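Undergrad: Following this line is model_27.txt, made up of compact mmCIF, C-alpha atoms:
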```
# COMPACT_ATOMS: atom_id res chain seq x y z
CA ARG I 171 129.70 92.40 86.03
CA MET I 172 133.14 91.05 85.14
CA ASN I 173 134.74 94.28 86.35
CA LEU I 174 132.79 94.01 89.62
CA ILE I 175 134.10 90.47 90.13
CA ARG I 176 137.67 91.66 89.66
CA GLN I 177 137.15 94.51 92.13
CA LEU I 178 135.84 92.28 94.93
CA PRO I 179 138.72 91.19 97.18
CA ALA I 180 137.29 88.00 98.67
CA LEU I 181 138.90 85.58 96.26
CA SER I 182 141.49 87.83 94.76
CA ALA I 183 139.48 87.21 91.66
CA LYS I 184 142.70 87.97 89.82
CA THR I 185 143.66 84.33 90.49
CA MET I 186 140.65 83.12 88.47
CA ASP I 187 141.12 82.68 84.76
CA GLN I 188 138.98 84.47 82.20
CA ARG I 189 136.73 81.45 81.69
CA HIS I 190 135.74 81.28 85.37
CA ILE I 191 135.17 85.03 85.58
CA GLN I 192 132.98 84.80 82.49
CA LEU I 193 131.07 81.84 83.93
CA LEU I 194 130.43 83.62 87.21
CA SER I 195 129.47 86.88 85.48
CA GLU I 196 126.78 85.00 83.51
CA HIS I 197 125.13 83.74 86.69
CA PRO I 198 121.55 85.13 87.04
CA ALA I 199 122.36 86.70 90.43
CA SER I 200 125.77 88.12 89.51
CA ASN I 201 124.32 91.63 89.46
CA LEU I 202 124.08 91.47 93.27
CA PRO I 203 127.35 92.51 95.00
CA LEU I 204 126.45 90.47 98.11
CA PHE I 205 125.88 87.32 96.03
CA LEU I 206 129.22 87.79 94.29
CA SER I 207 131.01 88.45 97.56
CA ILE I 208 129.65 85.24 99.14
CA ALA I 209 130.31 83.25 95.96
CA LEU I 210 133.93 84.41 95.78
CA GLU I 211 134.47 83.55 99.44
CA GLU I 212 133.19 80.04 98.73
CA LEU I 213 135.45 79.66 95.70
CA ARG I 214 138.52 80.30 97.87
CA MET I 215 138.18 76.71 99.07
CA PHE I 216 139.01 75.23 95.69
CA ALA I 217 142.53 75.00 94.35
CA SER I 218 142.05 73.46 90.91
CA PHE I 219 140.35 75.14 87.98
CA GLU I 220 138.16 72.05 87.49
CA GLN I 221 136.86 72.25 91.06
CA LEU I 222 136.20 75.97 90.64
CA GLU I 223 134.02 75.34 87.61
CA LYS I 224 132.04 72.59 89.34
CA ARG I 225 131.44 74.84 92.37
CA ILE I 226 130.26 77.73 90.21
CA HIS I 227 127.72 75.40 88.56
CA ARG I 228 126.48 74.38 92.04
CA PHE I 229 125.55 77.93 93.01
CA PRO I 230 121.74 78.32 93.22
CA GLN I 231 120.23 79.71 90.03
CA GLN I 232 117.52 81.70 91.78
CA THR I 233 117.86 85.48 91.87
CA GLY I 234 117.12 88.13 94.47
CA LYS I 235 116.51 87.31 98.13
CA GLU I 236 115.70 83.67 97.42
CA GLY I 237 119.03 83.12 95.68
CA LEU I 238 120.94 84.80 98.51
CA GLU I 239 119.20 82.66 101.14
CA LEU I 240 119.93 79.46 99.22
CA LEU I 241 123.58 80.45 98.81
CA TYR I 242 123.84 81.19 102.53
CA GLN I 243 122.33 77.77 103.21
CA GLN I 244 125.09 76.22 101.10
CA VAL I 245 127.61 78.11 103.24
CA LEU I 246 125.99 76.76 106.41
CA GLN I 247 126.09 73.21 105.06
CA ARG I 248 129.79 73.56 104.26
CA LEU I 249 130.48 74.89 107.75
CA GLU I 250 128.61 71.95 109.28
CA LYS I 251 130.95 69.56 107.48
CA GLU I 252 134.06 71.48 108.52
CA ILE I 253 133.19 72.42 112.11
CA GLY I 254 130.32 70.11 113.11
CA LYS I 255 126.56 70.47 112.77
CA ASN I 256 125.82 71.40 116.40
CA ALA I 257 128.79 73.76 116.49
CA VAL I 258 127.13 75.72 113.69
CA SER I 259 123.41 75.31 114.35
CA GLU I 260 123.39 75.96 118.12
CA PRO I 261 125.33 79.27 118.26
CA LEU I 262 123.69 80.68 115.14
CA SER I 263 120.18 79.69 116.24
CA LEU I 264 120.69 81.43 119.58
CA LEU I 265 122.11 84.51 117.88
CA CYS I 266 119.19 84.48 115.45
CA CYS I 267 116.68 84.37 118.33
CA SER I 268 118.32 87.15 120.32
CA SER I 269 116.75 90.58 120.17
CA MET I 270 119.86 92.77 120.35
CA GLY I 271 122.68 90.28 119.76
CA LEU I 272 124.87 88.25 122.11
CA LYS I 273 128.39 88.44 123.48
CA GLU I 274 130.86 85.74 122.50
CA ARG I 275 131.23 84.60 126.12
CA GLU I 276 127.44 84.42 126.47
CA ILE I 277 127.20 82.15 123.43
CA GLN I 278 130.02 80.01 124.83
CA SER I 279 128.12 79.67 128.14
CA LEU I 280 124.88 78.85 126.31
CA CYS I 281 126.66 76.21 124.17
CA PRO I 282 128.93 74.31 126.58
CA GLN I 283 129.13 71.36 124.16
CA VAL I 284 130.78 73.59 121.53
CA SER I 285 134.51 74.13 122.06
CA LYS I 286 136.18 77.55 122.02
CA GLU I 287 138.16 76.42 118.99
CA GLN I 288 134.99 75.53 117.09
CA LEU I 289 133.39 78.87 117.93
CA ALA I 290 136.53 80.78 116.96
CA LEU I 291 136.52 79.01 113.60
CA LEU I 292 132.82 79.73 113.09
CA TRP I 293 133.24 83.46 113.75
CA ARG I 294 136.31 83.57 111.55
CA GLU I 295 134.48 81.94 108.65
CA LEU I 296 131.55 84.34 109.04
CA ARG I 297 133.59 87.45 109.81
CA SER I 298 132.27 89.24 106.70
CA HIS I 299 128.67 88.52 107.67
CA ILE I 300 128.61 89.04 111.45
CA GLN I 301 129.34 92.35 113.12
CA ASN I 302 130.65 93.03 116.60
CA LYS I 303 129.10 96.25 117.87
CA ASN I 304 129.90 97.27 121.43
CA GLY I 305 130.76 93.66 122.23
CA LEU I 306 127.51 92.23 120.85
CA LEU I 307 127.59 89.90 117.86
CA ASN I 308 124.83 90.34 115.31
CA PHE I 309 124.19 89.84 111.61
CA ASN I 310 125.36 92.26 108.94
CA HIS I 311 122.72 91.01 106.54
CA HIS I 312 119.16 90.08 107.43
CA THR I 313 119.26 87.54 104.61
CA LEU I 314 121.70 85.40 106.61
CA LYS I 315 119.34 85.50 109.58
CA ASP I 316 116.45 84.41 107.33
CA ALA I 317 118.58 81.56 105.95
CA ILE I 318 119.42 80.39 109.49
CA GLU I 319 115.75 80.45 110.45
CA LYS I 320 114.83 78.28 107.48
CA GLN I 321 117.77 75.95 108.00
CA TYR I 322 117.53 75.42 111.76
CA LEU I 323 114.37 77.02 113.15
CA ALA I 324 111.61 75.77 110.84
CA SER I 325 109.95 74.11 113.85
CA PHE I 326 108.18 76.71 115.99
CA GLU I 327 108.51 74.48 119.05
CA LEU I 328 112.28 74.36 118.59
CA LYS I 329 112.34 78.12 118.13
CA LYS I 330 110.43 78.53 121.40
CA GLN I 331 113.00 76.36 123.17
CA TYR I 332 115.79 78.73 122.15
CA HIS I 333 113.77 81.76 123.23
CA HIS I 334 113.02 80.12 126.58
CA GLN I 335 116.69 79.28 127.03
CA LEU I 336 117.66 82.88 126.32
CA ALA I 337 115.01 84.25 128.69
CA GLU I 338 116.32 82.12 131.54
CA PHE I 339 119.94 83.00 130.75
CA LEU I 340 119.44 86.77 130.44
CA ILE I 341 117.00 87.30 133.31
CA ASP I 342 119.74 88.70 135.58
CA LEU I 343 121.51 90.73 132.91
CA PRO I 344 122.98 93.91 134.50
CA ASP I 345 122.17 96.05 131.44
CA LYS I 346 118.55 96.97 132.24
CA LYS I 347 117.69 98.29 128.79
CA ARG I 348 119.05 95.23 127.02
CA ARG I 349 117.52 92.85 129.58
CA LEU I 350 114.08 94.41 129.10
CA ALA I 351 114.26 94.25 125.30
CA GLU I 352 115.40 90.63 125.37
CA LEU I 353 112.95 89.36 127.96
CA LEU I 354 109.91 91.01 126.37
CA GLU I 355 110.77 89.46 123.01
CA HIS I 356 111.42 85.99 124.44
CA TYR I 357 108.34 85.98 126.65
CA HIS I 358 106.25 87.12 123.69
CA ILE I 359 107.48 84.32 121.41
CA CYS I 360 106.93 81.77 124.20
CA GLY I 361 103.43 83.12 124.89
CA ILE I 362 104.21 83.96 128.54
CA THR I 363 102.00 87.05 128.77
CA ASP I 364 101.90 87.17 132.57
CA GLN I 365 105.68 87.67 132.67
CA MET I 366 105.39 90.32 129.96
CA GLN I 367 102.78 92.16 132.00
CA ALA I 368 104.90 91.89 135.15
CA LEU I 369 107.78 93.55 133.31
CA LEU I 370 105.59 96.27 131.86
CA PHE I 371 103.89 97.02 135.20
CA LYS I 372 107.27 97.70 136.80
CA LEU I 373 107.67 101.49 137.00
CA GLU I 374 111.36 101.59 136.05
CA ASN I 375 110.69 99.50 132.95
CA PHE I 376 107.73 101.69 132.00
CA LEU I 377 109.92 104.80 132.27
CA VAL I 378 112.69 103.25 130.17
CA LEU I 379 110.30 102.29 127.38
CA GLN I 380 108.42 105.59 127.59
CA LYS I 381 111.70 107.49 127.19
CA GLU I 382 113.13 105.30 124.42
CA SER I 383 110.01 104.83 122.30
CA PRO I 384 106.44 105.54 123.40
CA GLU I 385 105.21 103.87 120.18
CA GLN I 386 107.08 100.67 121.03
CA LEU I 387 105.66 100.76 124.56
CA ALA I 388 102.15 100.80 123.09
CA VAL I 389 103.07 97.85 120.86
CA TRP I 390 104.29 95.83 123.85
CA TRP I 391 101.14 96.63 125.85
CA ASP I 392 99.09 95.31 122.94
CA LYS I 393 101.24 92.15 122.59
CA ALA I 394 100.85 91.53 126.32
CA GLY I 395 97.08 91.71 125.96
CA VAL I 396 96.66 94.78 128.19
CA GLN I 397 93.63 96.91 127.26
CA GLU I 398 93.96 99.82 129.71
CA PRO I 399 97.66 99.95 130.59
CA LEU I 400 97.77 103.29 132.42
CA ASN I 401 94.91 102.35 134.76
CA LEU I 402 96.47 98.99 135.52
CA LEU I 403 99.88 100.56 136.02
CA HIS I 404 98.35 103.03 138.50
CA GLU I 405 96.65 100.17 140.36
CA SER I 406 99.93 98.22 140.52
CA LEU I 407 101.61 101.15 142.24
```
How does this structure look as structure tokens?
TA:
Amino acid sequence: RMNLIRQLPALSAKTMDQRHIQLLSEHPASNLPLFLSIALEELRMFASFEQLEKRIHRFPQQTGKEGLELLYQQVLQRLEKEIGKNAVSEPLSLLCCSSMGLKEREIQSLCPQVSKEQLALLWRELRSHIQNKNGLLNFNHHTLKDAIEKQYLASFELKKQYHHQLAEFLIDLPDKKRRLAELLEHYHICGITDQMQALLFKLENFLVLQKESPEQLAVWWDKAGVQEPLNLLHESL
């Protein structure tokens, strides 16, 4: 474990003395590379050896997924103090509720009260944990998404508000495949089955889903409460 700590680049663990490396290596979750990586990133914030030791003792003692979620929640709390609570909770809640991820400019438009500088700082602080794939931001680790849900989306009504906001924002999205995936998910969470059915009855959407994943199409029919989809689709034409 001590060798693993030295190999991880986040802190340049070489700057830690032997006592701190030993202390961190004895942590119950130190066998998890992700836990160590997050922990070392957090320890970068502390200049003095005394502060380092106090911070190590503050790491959650739980192991496995629970320990990772609690550590991520500590990261979120630190970011709230540094950047502002809404500047952390709003963008991350929206990203968490998206089906395929969001573009930076989309998040900026959805969060007009959050400045570009605040968002830039948020993405920079989470650069090891958020990926940018084809222009869409999303989470590298599902554990971070779970931590965000517990931290900011414990209320189902609040969660529905974010899904409704995303549905309204993405309804005219030019990317048909992405628009369909997003809208079906948001309408489902919000319980708007008539809009789900309207999407599924549209021939071009049916063909897209049938080509991409017939199994997923059947799942969406079921979630939309449609018992005989092919007959209803034929009638709608």
Undergrad: Write out as a list in words the residues lying within 8 Å of Leu353 of chain I, counting all atoms listed in the file and excluding same-chain residues fewer than 3 positions away.
TA: Ala337, Leu340, Ile341, Arg349, Leu350, His356, Tyr357 and Met366 of chain I
Undergrad: Looking at I:Gln188, I:Ser279, I:Ser383, I:Gln244, which one is nearest to Glu223 of chain I, with distances taken over all atoms listed in the file?
TA: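 Smallest distance to Glu223 of chain I is found for I:Gln188.
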Undergrad: If we count only C-alpha atoms, what is near Thr233 of chain I at a cut-off of 12 Å, once residues fewer than 3 positions away on the same chain are taken out, given as a VMD selection string?
TA: chain I and resid 197 to 202 204 to 206 229 to 230 236 to 241
Undergrad: Nearest to Ala290 of chain I: which of I:Asp316, I:Glu274, I:Asp345, I:Asp392 is it, counting only C-alpha atoms?
TA: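 The closest residue to Ala290 of chain I is I:Glu274.
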Undergrad: Separation of atom CA of Ile359 of chain I and atom CA of Ser263 of chain I, in Å?
TA: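 Between these atoms lies a distance of 14.5 Å.
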Undergrad: Would you mind reading off the distance between atom CA of Gln243 of chain I and atom CA of Leu265 of chain I, one decimal, in Å?
TA: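 The value is 16.1 Å.
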Undergrad: Choose the residue, out of I:Met270, I:Ala317, I:Leu291, I:Leu213, that has the smallest atom-to-atom separation from Gly305 of chain I; count all atoms listed in the file.
TA: I:Met270
Undergrad: Hey, what's within 12 Å of Ala394 of chain I if we count all atoms listed in the file and toss same-chain stuff fewer than 6 positions away? As a PyMOL selection string, please?
TA: chain I and resi 354-355+357-371+387-388
Undergrad: Need the neighbours of (119.4, 87.9, 115.2): which residues are at most 12 Å away, counting all atoms listed in the file, as number ranges by chain?
TA: I: 261-272, 299-301, 306-319, 333, 352, 355
Undergrad: Could the centre and edge lengths of an axis-aligned box, enclosing all atoms of segment 319-322 of chain I in the file with 5 Å extra on each side, be given in Å to one decimal as JSON?
TA:
```
{"center_x": 116.3, "center_y": 77.9, "center_z": 109.6, "size_x": 12.9, "size_y": 15.0, "size_z": 14.3}
```
Undergrad: So which one's closest to Gln221 of chain I, I:Leu289, I:Arg275, I:Asn304, I:His190? Using all atoms listed in the file, please.
TA: I:His190
Undergrad: If you measure from atom CA of Ala324 of chain I to atom CA of Leu343 of chain I, what distance in Å do you get, rounded to one decimal?
TA: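 Computed distance, atom CA of Ala324 of chain I to atom CA of Leu343 of chain I, equals 28.4 Å.
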Undergrad: Fix up segment 384-400 of chain I with N, CA, C and O atoms, then write it as an mmCIF file, in the frame of the given file.
TA:
```
data_model
loop_
_atom_site.group_PDB
_atom_site.id
_atom_site.type_symbol
_atom_site.label_atom_id
_atom_site.label_comp_id
_atom_site.auth_asym_id
_atom_site.auth_seq_id
_atom_site.Cartn_x
_atom_site.Cartn_y
_atom_site.Cartn_z
ATOM 1 N N PRO I 384 107.829 105.684 122.949
ATOM 2 C CA PRO I 384 106.440 105.540 123.400
ATOM 3 C C PRO I 384 105.621 104.643 122.466
ATOM 4 O O PRO I 384 104.735 103.912 122.919
ATOM 5 N N GLU I 385 105.944 104.708 121.145
ATOM 6 C CA GLU I 385 105.210 103.870 120.180
ATOM 7 C C GLU I 385 105.466 102.388 120.457
ATOM 8 O O GLU I 385 104.550 101.560 120.411
ATOM 9 N N GLN I 386 106.738 102.064 120.756
ATOM 10 C CA GLN I 386 107.080 100.670 121.030
ATOM 11 C C GLN I 386 106.433 100.203 122.332
ATOM 12 O O GLN I 386 106.031 99.044 122.448
ATOM 13 N N LEU I 387 106.334 101.088 123.297
ATOM 14 C CA LEU I 387 105.660 100.760 124.560
ATOM 15 C C LEU I 387 104.215 100.354 124.289
ATOM 16 O O LEU I 387 103.730 99.358 124.834
ATOM 17 N N ALA I 388 103.539 101.113 123.431
ATOM 18 C CA ALA I 388 102.150 100.800 123.090
ATOM 19 C C ALA I 388 102.050 99.443 122.397
ATOM 20 O O ALA I 388 101.117 98.678 122.640
ATOM 21 N N VAL I 389 103.045 99.143 121.550
ATOM 22 C CA VAL I 389 103.070 97.850 120.860
ATOM 23 C C VAL I 389 103.195 96.711 121.866
ATOM 24 O O VAL I 389 102.502 95.692 121.775
ATOM 25 N N TRP I 390 104.097 96.883 122.855
ATOM 26 C CA TRP I 390 104.290 95.830 123.850
ATOM 27 C C TRP I 390 103.056 95.656 124.732
ATOM 28 O O TRP I 390 102.706 94.534 125.101
ATOM 29 N N TRP I 391 102.390 96.747 125.083
ATOM 30 C CA TRP I 391 101.140 96.630 125.850
ATOM 31 C C TRP I 391 100.144 95.771 125.072
ATOM 32 O O TRP I 391 99.475 94.900 125.627
ATOM 33 N N ASP I 392 100.040 96.047 123.782
ATOM 34 C CA ASP I 392 99.090 95.310 122.940
ATOM 35 C C ASP I 392 99.478 93.823 122.864
ATOM 36 O O ASP I 392 98.623 92.947 122.974
ATOM 37 N N LYS I 393 100.782 93.542 122.682
ATOM 38 C CA LYS I 393 101.240 92.150 122.590
ATOM 39 C C LYS I 393 101.022 91.408 123.898
ATOM 40 O O LYS I 393 100.822 90.187 123.899
ATOM 41 N N ALA I 394 101.058 92.151 125.008
ATOM 42 C CA ALA I 394 100.850 91.530 126.320
ATOM 43 C C ALA I 394 99.371 91.384 126.656
ATOM 44 O O ALA I 394 99.021 90.848 127.721
ATOM 45 N N GLY I 395 98.508 91.862 125.756
ATOM 46 C CA GLY I 395 97.080 91.710 125.960
ATOM 47 C C GLY I 395 96.502 92.645 126.997
ATOM 48 O O GLY I 395 95.465 92.346 127.609
ATOM 49 N N VAL I 396 97.133 93.809 127.192
ATOM 50 C CA VAL I 396 96.660 94.780 128.190
ATOM 51 C C VAL I 396 95.822 95.840 127.483
ATOM 52 O O VAL I 396 96.294 96.513 126.569
ATOM 53 N N GLN I 397 94.560 95.992 127.920
ATOM 54 C CA GLN I 397 93.630 96.910 127.260
ATOM 55 C C GLN I 397 93.743 98.332 127.797
ATOM 56 O O GLN I 397 93.686 99.292 127.039
ATOM 57 N N GLU I 398 93.872 98.485 129.111
ATOM 58 C CA GLU I 398 93.960 99.820 129.710
ATOM 59 C C GLU I 398 95.243 99.899 130.544
ATOM 60 O O GLU I 398 95.203 99.835 131.782
ATOM 61 N N PRO I 399 96.370 100.041 129.906
ATOM 62 C CA PRO I 399 97.660 99.950 130.590
ATOM 63 C C PRO I 399 97.888 100.988 131.683
ATOM 64 O O PRO I 399 98.387 100.657 132.756
ATOM 65 N N LEU I 400 97.486 102.234 131.438
ATOM 66 C CA LEU I 400 97.770 103.290 132.420
ATOM 67 C C LEU I 400 96.970 103.070 133.704
ATOM 68 O O LEU I 400 97.476 103.295 134.811
#
```
